[in-house]
$ cat structure.txt   # compact mmCIF, C-alpha atoms and all ligand atoms
# COMPACT_ATOMS: atom_id res chain seq x y z
CA MET A 1 -173.34 112.50 62.41
CA THR A 2 -170.41 114.66 61.36
CA LEU A 3 -166.98 114.23 62.82
CA ASP A 4 -167.21 117.74 64.27
CA ARG A 5 -170.24 116.53 66.13
CA ARG A 6 -168.25 113.46 67.13
CA ASP A 7 -165.51 115.62 68.62
CA PHE A 8 -168.10 117.65 70.47
CA LEU A 9 -169.63 114.51 71.90
CA LEU A 10 -166.49 112.67 72.72
CA GLY A 11 -164.45 115.72 73.53
CA SER A 12 -167.03 116.53 76.08
CA LEU A 13 -166.21 113.17 77.65
CA ALA A 14 -163.66 115.16 78.82
CA ALA A 15 -149.21 106.38 67.37
CA ALA A 16 -152.33 104.82 67.53
CA ALA A 17 -149.84 102.34 68.76
CA ALA A 18 -151.30 99.15 67.49
CA CYS A 19 -148.92 97.17 69.63
CA GLY A 20 -150.51 94.92 72.22
CA ALA A 21 -150.37 95.47 75.96
CA ARG A 22 -147.40 93.65 77.36
CA ARG A 23 -145.12 93.65 80.33
CA ASP A 24 -142.02 95.74 79.80
CA PRO A 25 -139.19 93.22 79.35
CA ALA A 26 -137.11 95.34 81.72
CA ALA A 27 -139.63 94.63 84.43
CA THR A 28 -139.20 90.89 84.15
CA ALA A 29 -135.55 90.68 83.13
CA GLY A 30 -133.95 87.92 85.13
CA GLY A 31 -137.34 87.01 86.53
CA PRO A 32 -140.24 84.99 85.25
CA PRO A 33 -141.18 85.31 81.58
CA ALA A 34 -143.59 88.04 80.53
CA ALA A 35 -147.28 87.37 81.02
CA PRO A 36 -148.83 85.24 78.28
CA ALA A 37 -150.94 87.03 75.72
CA ALA A 38 -154.10 85.17 76.70
CA GLY A 39 -155.77 83.85 79.82
CA PRO A 40 -157.51 85.36 82.80
CA ALA A 41 -155.81 88.11 84.74
CA ALA A 42 -154.21 87.05 87.96
CA PRO A 43 -155.79 88.76 90.97
CA PRO A 44 -153.63 91.56 92.32
CA PRO A 45 -151.29 90.43 95.07
CA ALA A 46 -152.36 91.40 98.57
CA ALA A 47 -149.55 93.92 98.66
CA PRO A 48 -147.30 95.07 95.83
CA ALA A 49 -144.08 93.09 95.54
CA ARG A 50 -142.16 96.35 95.58
CA LYS A 51 -143.35 99.76 96.66
CA LYS A 52 -143.00 102.25 93.84
CA SER A 53 -142.36 105.96 93.71
CA ILE A 54 -144.96 107.46 91.41
CA LEU A 55 -145.18 110.96 89.95
CA VAL A 56 -148.69 112.04 88.94
CA LEU A 57 -148.88 114.98 86.53
CA GLY A 58 -152.10 116.51 87.85
CA GLY A 59 -153.92 114.27 90.32
CA THR A 60 -156.52 116.60 91.80
CA GLY A 61 -159.38 116.60 89.26
CA PHE A 62 -161.68 113.62 88.73
CA LEU A 63 -159.61 110.61 87.69
CA GLY A 64 -156.38 111.73 89.36
CA PRO A 65 -157.71 111.45 92.93
CA HIS A 66 -158.90 107.88 92.26
CA VAL A 67 -155.41 106.99 91.04
CA VAL A 68 -153.71 108.68 93.98
CA THR A 69 -156.06 107.07 96.52
CA ALA A 70 -155.45 103.64 95.01
CA ALA A 71 -151.67 104.14 94.92
CA LEU A 72 -151.54 105.26 98.55
CA ALA A 73 -153.74 102.34 99.60
CA ARG A 74 -151.21 99.98 97.99
CA GLY A 75 -148.38 101.57 99.94
CA HIS A 76 -146.72 103.45 97.09
CA THR A 77 -145.09 106.85 97.48
CA VAL A 78 -146.83 109.53 95.42
CA THR A 79 -145.69 112.97 94.26
CA LEU A 80 -148.16 115.36 92.61
CA PHE A 81 -147.15 117.97 90.05
CA ASN A 82 -149.73 120.64 89.24
CA ARG A 83 -150.36 124.39 89.43
CA GLY A 84 -151.92 124.20 92.89
CA LYS A 85 -155.24 125.57 91.60
CA THR A 86 -157.61 122.60 91.57
CA HIS A 87 -158.66 121.06 94.92
CA ALA A 88 -155.38 122.21 96.41
CA ASP A 89 -156.40 120.88 99.83
CA LEU A 90 -156.55 117.25 98.63
CA PHE A 91 -153.99 114.73 99.92
CA PRO A 92 -152.35 116.88 102.61
CA GLY A 93 -149.77 114.19 103.42
CA VAL A 94 -148.56 113.82 99.83
CA GLU A 95 -145.57 115.63 98.34
CA LYS A 96 -146.71 118.41 95.99
CA LEU A 97 -144.56 120.07 93.37
CA HIS A 98 -145.89 123.14 91.66
CA GLY A 99 -145.33 124.37 88.13
CA ASP A 100 -147.08 124.52 84.79
CA ARG A 101 -146.92 121.77 82.22
CA ASP A 102 -146.75 124.43 79.55
CA GLY A 103 -143.18 125.64 79.91
CA HIS A 104 -142.58 125.46 83.65
CA LEU A 105 -141.40 121.97 84.57
CA GLU A 106 -138.45 123.19 86.68
CA ALA A 107 -139.74 121.48 89.84
CA LEU A 108 -139.28 118.09 88.15
CA ALA A 109 -135.65 118.64 87.18
CA GLY A 110 -133.16 116.24 88.72
CA ARG A 111 -135.82 114.10 90.39
CA THR A 112 -136.21 110.33 89.94
CA TRP A 113 -139.36 108.18 90.06
CA ASP A 114 -140.18 104.60 89.13
CA ALA A 115 -143.18 105.70 87.08
CA VAL A 116 -145.08 108.75 85.94
CA ILE A 117 -148.85 108.79 85.43
CA ASP A 118 -150.07 111.52 83.09
CA PRO A 119 -153.83 112.19 83.21
CA SER A 120 -153.48 115.89 82.32
CA GLY A 121 -151.79 115.80 78.90
CA TYR A 122 -153.85 117.06 75.94
CA VAL A 123 -151.28 118.71 73.67
CA PRO A 124 -148.45 116.68 72.07
CA ARG A 125 -145.85 119.45 72.50
CA ILE A 126 -146.56 119.50 76.23
CA VAL A 127 -146.53 115.70 76.63
CA LYS A 128 -143.28 115.56 74.64
CA ALA A 129 -141.70 118.08 77.02
CA SER A 130 -142.54 116.11 80.17
CA ALA A 131 -141.73 112.71 78.65
CA GLU A 132 -138.36 113.89 77.30
CA LEU A 133 -137.45 115.59 80.56
CA LEU A 134 -138.35 112.51 82.61
CA ALA A 135 -137.09 109.81 80.21
CA PRO A 136 -133.59 109.49 81.75
CA ARG A 137 -134.91 109.21 85.31
CA VAL A 138 -138.30 107.53 85.10
CA GLY A 139 -138.78 103.90 84.09
CA HIS A 140 -142.36 103.89 82.91
CA TYR A 141 -144.77 106.50 81.45
CA VAL A 142 -148.51 105.84 81.82
CA PHE A 143 -150.38 108.23 79.55
CA ILE A 144 -154.14 108.60 80.06
CA SER A 145 -155.60 108.87 76.59
CA THR A 146 -159.19 108.26 75.47
CA ILE A 147 -161.31 106.21 73.07
CA SER A 148 -161.97 109.54 71.35
CA VAL A 149 -158.66 108.94 69.53
CA TYR A 150 -160.58 106.74 67.09
CA ALA A 151 -161.56 108.41 63.82
CA LYS A 152 -164.78 106.40 63.52
CA PHE A 153 -166.61 103.63 65.32
CA ASP A 154 -168.03 102.19 62.14
CA THR A 155 -167.03 98.58 62.77
CA VAL A 156 -168.39 96.29 65.45
CA ASN A 157 -166.07 94.82 68.14
CA PRO A 158 -162.98 96.78 67.08
CA ASP A 159 -159.75 96.48 69.01
CA GLU A 160 -156.99 99.04 69.52
CA SER A 161 -155.94 98.83 65.86
CA LEU A 162 -158.96 100.90 64.80
CA PRO A 163 -157.55 103.94 62.90
CA VAL A 164 -157.11 107.11 64.91
CA ALA A 165 -158.29 110.59 64.02
CA THR A 166 -155.94 113.09 62.42
CA LEU A 167 -155.84 116.88 62.55
CA ALA A 168 -156.96 118.88 59.54
CA ASP A 169 -154.31 121.44 60.57
CA PRO A 170 -151.32 119.53 62.00
CA THR A 171 -150.11 122.63 63.85
CA SER A 172 -153.37 123.09 65.74
CA GLU A 173 -153.40 122.83 69.53
CA ASP A 174 -157.14 123.51 69.78
CA VAL A 175 -158.17 120.80 72.22
CA LYS A 176 -161.88 121.56 71.93
CA ALA A 177 -161.82 121.07 68.17
CA GLY A 178 -159.30 118.24 67.94
CA TYR A 179 -159.41 116.44 71.29
CA GLY A 180 -159.16 112.88 69.97
CA ALA A 181 -156.57 113.55 67.27
CA LEU A 182 -154.42 115.51 69.74
CA LYS A 183 -154.64 112.70 72.30
CA ALA A 184 -153.45 110.24 69.63
CA LEU A 185 -150.48 112.54 68.92
CA CYS A 186 -149.80 112.76 72.69
CA GLU A 187 -149.60 108.95 72.82
CA GLN A 188 -147.09 109.05 69.97
CA ALA A 189 -145.07 111.82 71.62
CA ALA A 190 -144.75 109.83 74.85
CA GLU A 191 -143.77 106.68 72.95
CA ALA A 192 -141.17 108.59 70.90
CA ALA A 193 -139.57 109.96 74.08
CA MET A 194 -139.60 106.64 75.96
CA PRO A 195 -139.80 103.85 73.35
CA GLY A 196 -141.11 100.57 74.76
CA ARG A 197 -141.74 102.11 78.19
CA VAL A 198 -145.17 103.66 77.66
CA ALA A 199 -148.67 102.47 78.51
CA SER A 200 -151.34 104.43 76.64
CA ILE A 201 -154.65 103.90 78.38
CA ARG A 202 -157.79 104.73 76.41
CA PRO A 203 -160.79 105.01 78.76
CA GLY A 204 -164.37 105.28 77.61
CA LEU A 205 -166.90 107.32 79.58
CA ILE A 206 -165.58 107.58 83.14
CA ILE A 207 -168.38 107.51 85.69
CA GLY A 208 -169.05 107.42 89.40
CA PRO A 209 -168.29 109.51 92.48
CA GLY A 210 -166.29 112.65 91.77
CA ASP A 211 -167.51 113.09 88.18
CA PRO A 212 -167.90 116.83 87.60
CA SER A 213 -169.51 116.36 84.15
CA GLY A 214 -172.90 115.19 85.38
CA ARG A 215 -173.26 112.73 82.53
CA PHE A 216 -173.84 109.29 84.05
CA THR A 217 -175.03 111.15 87.16
CA HIS A 218 -178.25 112.04 85.32
CA TRP A 219 -179.36 108.41 85.46
CA PRO A 220 -179.07 107.61 89.18
CA THR A 221 -180.53 111.00 90.14
CA ARG A 222 -183.44 110.69 87.73
CA LEU A 223 -184.13 107.02 88.54
CA ALA A 224 -184.06 107.73 92.27
CA GLU A 225 -186.65 110.50 91.82
CA GLY A 226 -188.97 107.80 90.44
CA GLY A 227 -192.09 107.96 88.28
CA GLU A 228 -192.10 107.71 84.50
CA VAL A 229 -188.59 108.14 83.10
CA LEU A 230 -187.73 108.78 79.45
CA ALA A 231 -185.29 106.13 78.20
CA PRO A 232 -183.60 106.27 74.78
CA GLY A 233 -184.06 103.90 71.86
CA ASP A 234 -185.34 100.35 72.01
CA GLY A 235 -183.20 99.40 75.01
CA GLY A 236 -180.88 97.23 72.92
CA THR A 237 -178.13 99.80 72.31
CA PRO A 238 -174.78 98.46 73.59
CA VAL A 239 -173.13 100.77 76.11
CA GLN A 240 -169.71 100.90 77.74
CA TYR A 241 -168.24 102.91 80.62
CA ILE A 242 -165.74 102.60 83.45
CA ASP A 243 -166.11 103.50 87.11
CA GLY A 244 -163.30 105.97 87.94
CA ARG A 245 -162.38 103.94 91.00
CA ASP A 246 -161.93 100.74 88.97
CA LEU A 247 -159.89 102.68 86.45
CA GLY A 248 -157.75 104.30 89.15
CA ALA A 249 -157.02 100.97 90.83
CA TRP A 250 -156.13 99.39 87.50
CA ILE A 251 -153.79 102.23 86.48
CA VAL A 252 -151.87 101.51 89.68
CA ARG A 253 -151.82 97.81 88.74
CA VAL A 254 -150.39 98.80 85.35
CA VAL A 255 -147.61 100.64 87.19
CA GLU A 256 -146.96 97.71 89.54
CA ASP A 257 -146.74 95.24 86.64
CA ARG A 258 -144.94 97.74 84.44
CA THR A 259 -147.38 96.96 81.65
CA VAL A 260 -146.76 98.79 78.38
CA GLY A 261 -148.76 99.13 75.15
CA THR A 262 -152.07 100.61 74.12
CA MET A 263 -155.24 99.47 75.88
CA ASN A 264 -158.91 100.37 75.69
CA ALA A 265 -160.08 100.84 79.27
CA LEU A 266 -163.80 100.39 79.52
CA GLY A 267 -166.27 97.79 80.54
CA PRO A 268 -168.01 95.92 81.75
CA ALA A 269 -166.54 92.50 81.03
CA ASN A 270 -169.55 91.34 79.03
CA ARG A 271 -171.71 93.21 76.55
CA VAL A 272 -174.51 95.17 78.22
CA THR A 273 -177.31 97.28 76.81
CA MET A 274 -178.83 100.58 77.81
CA GLN A 275 -181.81 98.64 79.12
CA SER A 276 -179.84 96.20 81.26
CA VAL A 277 -177.83 99.08 82.72
CA LEU A 278 -180.84 101.26 83.55
CA ASP A 279 -182.76 98.27 84.94
CA GLU A 280 -179.84 97.35 87.19
CA CYS A 281 -179.44 100.94 88.40
CA ASN A 282 -183.18 101.21 89.01
CA ARG A 283 -183.15 97.98 91.06
CA ALA A 284 -180.16 99.19 93.09
CA LEU A 285 -182.01 102.45 93.83
CA GLY A 286 -185.26 100.88 95.03
CA ASN A 287 -187.18 100.36 91.77
CA ARG A 288 -188.93 103.72 91.93
CA ALA A 289 -188.81 104.45 88.21
CA ARG A 290 -190.90 103.18 85.32
CA LEU A 291 -188.92 103.38 82.08
CA THR A 292 -190.60 104.39 78.84
CA TRP A 293 -188.41 103.54 75.86
CA VAL A 294 -188.80 106.03 73.04
CA ASP A 295 -187.41 105.28 69.63
CA ALA A 296 -184.39 107.13 68.35
CA ALA A 297 -186.10 108.73 65.34
CA PHE A 298 -188.83 110.18 67.55
CA LEU A 299 -186.25 111.53 70.00
CA ASP A 300 -184.45 113.15 67.09
CA GLN A 301 -187.69 114.81 65.89
CA GLN A 302 -188.21 116.14 69.41
CA GLY A 303 -184.71 117.63 69.53
CA VAL A 304 -183.50 115.16 72.16
CA GLU A 305 -179.80 114.55 71.62
CA GLY A 306 -177.95 111.37 72.43
CA TRP A 307 -175.10 111.76 74.93
CA ARG A 308 -176.06 115.32 75.93
CA ASP A 309 -179.76 114.85 76.82
CA MET A 310 -179.57 111.07 77.15
CA PRO A 311 -176.13 110.53 78.70
CA MET A 312 -174.16 107.35 77.95
CA TRP A 313 -176.38 106.64 74.90
CA LEU A 314 -175.79 107.27 71.21
CA ASP A 315 -178.06 106.20 68.39
CA ASN A 316 -175.45 103.93 66.91
CA HIS A 317 -175.44 103.94 63.16
CA GLY A 318 -173.08 105.18 60.42
CA ASP A 319 -169.75 106.28 61.88
CA PHE A 320 -171.05 105.17 65.29
CA ALA A 321 -172.39 101.75 64.28
CA GLY A 322 -169.82 100.00 66.49
CA PHE A 323 -169.94 102.47 69.38
CA GLY A 324 -170.38 100.57 72.63
CA THR A 325 -168.67 97.46 71.25
CA LEU A 326 -164.97 98.25 71.67
CA GLN A 327 -162.83 95.31 72.75
CA ASN A 328 -161.26 95.53 76.20
CA THR A 329 -159.45 92.18 76.09
CA ARG A 330 -155.96 93.63 76.53
CA ALA A 331 -156.94 95.65 79.60
CA VAL A 332 -158.83 92.76 81.16
CA ARG A 333 -155.82 90.48 80.67
CA ALA A 334 -153.73 93.17 82.33
CA GLY A 335 -156.03 93.11 85.36
CA LEU A 336 -158.84 95.62 84.69
CA ALA A 337 -161.88 94.59 86.74
CA PHE A 338 -165.37 96.06 87.05
CA ARG A 339 -167.74 96.61 89.95
CA PRO A 340 -171.49 96.18 89.35
CA ILE A 341 -173.17 99.24 87.80
CA GLY A 342 -175.75 99.23 90.62
CA ASP A 343 -172.94 99.92 93.10
CA THR A 344 -171.72 102.82 90.97
CA ALA A 345 -175.26 104.24 90.83
CA ARG A 346 -175.71 104.02 94.61
CA ASP A 347 -172.27 105.45 95.35
CA THR A 348 -172.75 108.30 92.87
CA LEU A 349 -175.95 109.36 94.63
CA ALA A 350 -174.29 109.08 98.04
CA TRP A 351 -171.39 111.23 96.82
CA LEU A 352 -173.78 113.85 95.39
CA GLY A 353 -175.39 114.06 98.81
CA THR A 354 -172.07 115.11 100.34
CA LEU A 355 -171.64 118.12 98.02
CA PRO A 356 -172.59 121.70 98.85
CA ALA A 357 -175.73 122.80 96.96
CA ASP A 358 -173.95 124.76 94.20
CA GLU A 359 -171.52 121.93 93.43
CA ARG A 360 -174.36 119.41 93.54
CA ALA A 361 -176.28 121.45 90.96
CA LYS A 362 -173.20 121.54 88.71
CA ALA A 363 -172.62 117.80 89.05
CA ARG A 364 -176.23 117.18 87.96
CA SER A 365 -176.23 119.63 85.10
CA SER A 366 -176.16 117.14 82.21
CA GLY A 367 -179.11 115.21 80.89
CA ILE A 368 -182.57 116.23 79.78
CA THR A 369 -184.46 118.63 82.04
CA ARG A 370 -187.59 117.44 83.83
CA GLU A 371 -189.71 119.87 81.81
CA LYS A 372 -188.40 118.69 78.47
CA GLU A 373 -188.66 115.06 79.54
CA ALA A 374 -192.33 115.54 80.48
CA ALA A 375 -193.05 117.24 77.14
CA VAL A 376 -191.36 114.47 75.13
CA LEU A 377 -193.17 111.75 77.06
CA ALA A 378 -196.51 113.49 76.49
CA ALA A 379 -195.77 113.81 72.78
CA TRP A 380 -194.72 110.15 72.64
CA HIS A 381 -197.91 108.94 74.30
CA ALA A 382 -199.98 111.09 71.95
CA HIS A 383 -198.07 109.66 69.00
CA GLN A 384 -198.56 106.09 70.25
CA GLY A 385 -202.27 106.78 70.92
CA GLY A 386 -202.62 108.19 67.42
CA ARG A 387 -200.97 105.10 65.96
CA ALA A 388 -203.16 102.76 68.01
CA SER A 389 -206.37 104.49 66.86
CA ARG A 390 -205.39 104.48 63.16
N1 LIG A 401 -164.07 112.00 81.90
C1 LIG A 401 -164.18 111.08 80.97
O1 LIG A 401 -165.24 110.50 80.75
C2 LIG A 401 -162.95 110.67 80.18
C3 LIG A 401 -163.07 109.72 79.20
C4 LIG A 401 -161.94 109.29 78.50
C5 LIG A 401 -160.71 109.82 78.83
N2 LIG A 401 -160.61 110.76 79.78
C6 LIG A 401 -159.27 111.27 80.13
O2 LIG A 401 -159.08 111.08 81.52
C7 LIG A 401 -158.28 112.13 82.04
C8 LIG A 401 -159.06 112.77 83.16
O3 LIG A 401 -158.27 113.69 83.76
P1 LIG A 401 -158.64 114.49 85.08
O4 LIG A 401 -158.84 115.91 84.67
O5 LIG A 401 -159.67 113.81 85.85
O6 LIG A 401 -157.19 114.36 85.75
P2 LIG A 401 -156.70 114.87 87.13
O7 LIG A 401 -155.25 114.58 87.19
O8 LIG A 401 -157.57 114.38 88.23
O9 LIG A 401 -156.97 116.45 87.06
C9 LIG A 401 -156.30 117.32 86.18
C10 LIG A 401 -155.04 117.85 86.92
O10 LIG A 401 -154.17 118.52 86.05
C11 LIG A 401 -153.69 119.68 86.71
N3 LIG A 401 -153.35 120.60 85.64
C12 LIG A 401 -154.18 121.11 84.70
N4 LIG A 401 -153.49 121.91 83.88
C13 LIG A 401 -152.19 121.92 84.31
C14 LIG A 401 -151.01 122.55 83.87
N5 LIG A 401 -151.00 123.37 82.81
N6 LIG A 401 -149.86 122.30 84.53
C15 LIG A 401 -149.85 121.48 85.61
N7 LIG A 401 -150.94 120.84 86.07
C16 LIG A 401 -152.10 121.07 85.42
C17 LIG A 401 -154.83 120.12 87.61
O11 LIG A 401 -154.42 120.85 88.74
P3 LIG A 401 -154.19 122.43 88.72
O12 LIG A 401 -155.41 123.04 88.11
O13 LIG A 401 -154.01 122.79 90.15
O14 LIG A 401 -152.97 122.67 87.90
C18 LIG A 401 -155.34 118.77 88.07
O15 LIG A 401 -154.58 118.29 89.16
C19 LIG A 401 -157.99 113.06 80.88
O16 LIG A 401 -156.75 112.71 80.33
C20 LIG A 401 -159.10 112.76 79.88
O17 LIG A 401 -158.73 113.02 78.54
C21 LIG A 401 -161.70 111.22 80.46
$ encode --input "structure.txt" --output "structure tokens"
Amino acid sequence: MTLDRRDFLLGSLAAAAACGARRDPAATAGGPPAAPAAGPAAPPPAAPARKKSILVLGGTGFLGPHVVTAALARGHTVTLFNRGKTHADLFPGVEKLHGDRDGHLEALAGRTWDAVIDPSGYVPRIVKASAELLAPRVGHYVFISTISVYAKFDTVNPDESLPVATLADPTSEDVKAGYGALKALCEQAAEAAMPGRVASIRPGLIIGPGDPSGRFTHWPTRLAEGGEVLAPGDGGTPVQYIDGRDLGAWIVRVVEDRTVGTMNALGPANRVTMQSVLDECNRALGNRARLTWVDAAFLDQQGVEGWRDMPMWLDNHGDFAGFGTLQNTRAVRAGLAFRPIGDTARDTLAWLGTLPADERAKARSSGITREKEAAVLAAWHAHQGGRASR
């Protein structure tokens, strides 16, 4: 698979600081020593020790609302900064500042917050502008990056020191073409503006209620429809993902603990495979589906593409040999926790049911069509029959 293809795949998911996640010394100065590098995460306190004022740059798309909901539930004060275009009716009781990250940050001038969470930064020049403006009056910058920063996934069990992608043209701001490399430069821009005060969070595929991309959503909808379901590979492919609600709650924990450093944010805690995930989702949805696993080479011959037609799955070899095996140890030590995938599947379906028909269609638009699935299954059975009779 070419790297262009990689950017298409991972970009559609949407200073490689190799330093480990750690508590900002400023957060613990005069208090207890910083958290040890190893050991299980302490459960979050029932209520935060100190309520924080948090600025969210964005906050009304997919991940942002999960962060805002979690922050409000923990009693923090939230301010949103966005253009007022996306889901403008969300969070009516929350302070909203309007502007444009690209050149119109005036509404932020002179204001002070404990922390800023940045889920909407894609271009280093733009992240630099907000981080530099806020540096004197904000203690902590939490930048939402991505695992697409990595140049390749050709090693198994890599941690955050895996090399990041670079731009062929360093002046490019073409996010579609250079999503991962630009995100890596955004991380570096934030760190340069606020050295030692930045958490760069690198999520994998974000799933669950609110996901407009329809990627994971293919699986619960298709499994719930029942019957014979096309499943990719031999079932043993390792897969990773993160429920947006778990990610949102953890980002707030990162703010509360003033954790800094670079962290992969994906789960679950233990290695799972495509088969264990689909089986668990199927069980949670009433066991209506019968999975037929079709090998990767056959899928390729039939023009079935990993990730696009078979969401969450990539035929992992070559540059993707270690895909699905990224370490999440730093994030787990910093408190990242995971709900069962069956709960995510059930909740995703329930959320879909609340959408108006046109939005529901959009949120289900990824994944193989029923027609193509039926054709591939028929071809597979014919192929198997042919092999059996040889
Ligand atoms: N989805 C995945 O699987 C996945 C995987 C890995 C990483 N990620 C990362 O996770 C994050 C997801 O972000 P999200 O879109 O869900 O965040 P979000 O904060 O929920 O939504 C994006 C927000 O940015 C605002 N915005 C967009 N352009 C703006 C501008 N020029 N000026 C001011 N505000 C602007 C939008 O509001 P207005 O339109 O009203 O301005 C909206 O509030 C991204 O950083 C992505 O790279 C995603």
$ residues_near_ligand --input "structure.txt" --ligand "ligand LIG 401 (chain A)" --cutoff "7 Å" --atoms "all atoms listed in the file" --output "PyMOL selection string"
chain A and resi 13-14+57-65+81-88+99-102+119-122+144-147+202-207
$ closest_residue --input "structure.txt" --among "A:Trp307, A:Trp380, A:Tyr241, A:Trp250" --to "Ile341 (chain A)" --atoms "all atoms listed in the file"
A:Tyr241
$ atom_distance --input "structure.txt" --atom1 "CA of Gly286 (chain A)" --atom2 "CA of Gly233 (chain A)"
23.4 Å
$ closest_atom_pairs --input "structure.txt" --of "region 174-213 of chain A" --to "region 131-140 of chain A" --cutoff "6 Å" --atoms "all atoms listed in the file" --output "Markdown table"
| residue | atom | partner | partner_atom | distance |
| --- | --- | --- | --- | --- |
| A:Ala190 | CA | A:Ala131 | CA | 5.6 |
| A:Ala193 | CA | A:Glu132 | CA | 5.2 |
| A:Met194 | CA | A:Ala135 | CA | 5.9 |
| A:Arg197 | CA | A:His140 | CA | 5.1 |
| A:Val198 | CA | A:His140 | CA | 6.0 |
$ atom_distance --input "structure.txt" --atom1 "CA of Phe216 (chain A)" --atom2 "CA of Lys176 (chain A)"
21.0 Å
$ closest_residue --input "structure.txt" --among "A:Val156, A:Leu162, A:Ala49, A:Ala296" --to "Arg271 (chain A)" --atoms "all atoms listed in the file"
A:Val156
$ closest_residue --input "structure.txt" --among "A:Asp309, A:Glu228, A:Glu280, A:Asp257" --to "Arg364 (chain A)" --atoms "only C-alpha atoms"
A:Asp309
$ residues_around --input "structure.txt" --residues "Ala345 (chain A)" --least-positions-apart "5" --cutoff "9 Å" --atoms "all atoms listed in the file" --output "list in words"
Gly208, Pro209, Phe216, Thr217, Trp219, Pro220, Thr221, Cys281, Asn282, Ala284, Leu285 and Ala350 of chain A
$ decode --input "structure.txt" --residues "region 321-326 of chain A" --atoms "all heavy atoms" --output "PDB file, in the first residue's frame"
ATOM      1  N   ALA A 321       2.094  -3.698   8.798  1.00  0.00           N
ATOM      2  CA  ALA A 321       2.233  -4.980   9.502  1.00  0.00           C
ATOM      3  C   ALA A 321       1.933  -4.852  10.996  1.00  0.00           C
ATOM      4  O   ALA A 321       1.466  -5.803  11.630  1.00  0.00           O
ATOM      5  CB  ALA A 321       3.630  -5.548   9.286  1.00  0.00           C
ATOM      6  N   GLY A 322       2.188  -3.685  11.570  1.00  0.00           N
ATOM      7  CA  GLY A 322       1.958  -3.507  13.014  1.00  0.00           C
ATOM      8  C   GLY A 322       0.692  -2.718  13.308  1.00  0.00           C
ATOM      9  O   GLY A 322       0.445  -2.345  14.465  1.00  0.00           O
ATOM     10  N   PHE A 323      -0.116  -2.464  12.264  1.00  0.00           N
ATOM     11  CA  PHE A 323      -1.348  -1.699  12.490  1.00  0.00           C
ATOM     12  C   PHE A 323      -2.251  -2.508  13.433  1.00  0.00           C
ATOM     13  O   PHE A 323      -2.369  -3.727  13.307  1.00  0.00           O
ATOM     14  CB  PHE A 323      -2.061  -1.431  11.164  1.00  0.00           C
ATOM     15  CG  PHE A 323      -3.097  -0.355  11.258  1.00  0.00           C
ATOM     16  CD1 PHE A 323      -2.727   0.972  11.393  1.00  0.00           C
ATOM     17  CD2 PHE A 323      -4.452  -0.658  11.224  1.00  0.00           C
ATOM     18  CE1 PHE A 323      -3.682   1.989  11.494  1.00  0.00           C
ATOM     19  CE2 PHE A 323      -5.416   0.337  11.320  1.00  0.00           C
ATOM     20  CZ  PHE A 323      -5.024   1.665  11.459  1.00  0.00           C
ATOM     21  N   GLY A 324      -2.858  -1.827  14.380  1.00  0.00           N
ATOM     22  CA  GLY A 324      -3.695  -2.547  15.348  1.00  0.00           C
ATOM     23  C   GLY A 324      -2.925  -3.026  16.561  1.00  0.00           C
ATOM     24  O   GLY A 324      -3.490  -3.694  17.424  1.00  0.00           O
ATOM     25  N   THR A 325      -1.618  -2.689  16.617  1.00  0.00           N
ATOM     26  CA  THR A 325      -0.824  -3.170  17.766  1.00  0.00           C
ATOM     27  C   THR A 325      -0.102  -2.022  18.486  1.00  0.00           C
ATOM     28  O   THR A 325       0.876  -2.243  19.187  1.00  0.00           O
ATOM     29  CB  THR A 325       0.226  -4.222  17.327  1.00  0.00           C
ATOM     30  OG1 THR A 325       1.273  -3.582  16.578  1.00  0.00           O
ATOM     31  CG2 THR A 325      -0.386  -5.318  16.475  1.00  0.00           C
ATOM     32  N   LEU A 326      -0.580  -0.805  18.296  1.00  0.00           N
ATOM     33  CA  LEU A 326       0.096   0.333  18.945  1.00  0.00           C
ATOM     34  C   LEU A 326      -0.022   0.228  20.465  1.00  0.00           C
ATOM     35  O   LEU A 326      -1.073  -0.140  20.991  1.00  0.00           O
ATOM     36  CB  LEU A 326      -0.550   1.646  18.512  1.00  0.00           C
ATOM     37  CG  LEU A 326      -0.147   2.204  17.152  1.00  0.00           C
ATOM     38  CD1 LEU A 326      -1.095   3.328  16.760  1.00  0.00           C
ATOM     39  CD2 LEU A 326       1.279   2.727  17.181  1.00  0.00           C
TER      40      LEU A 326
END
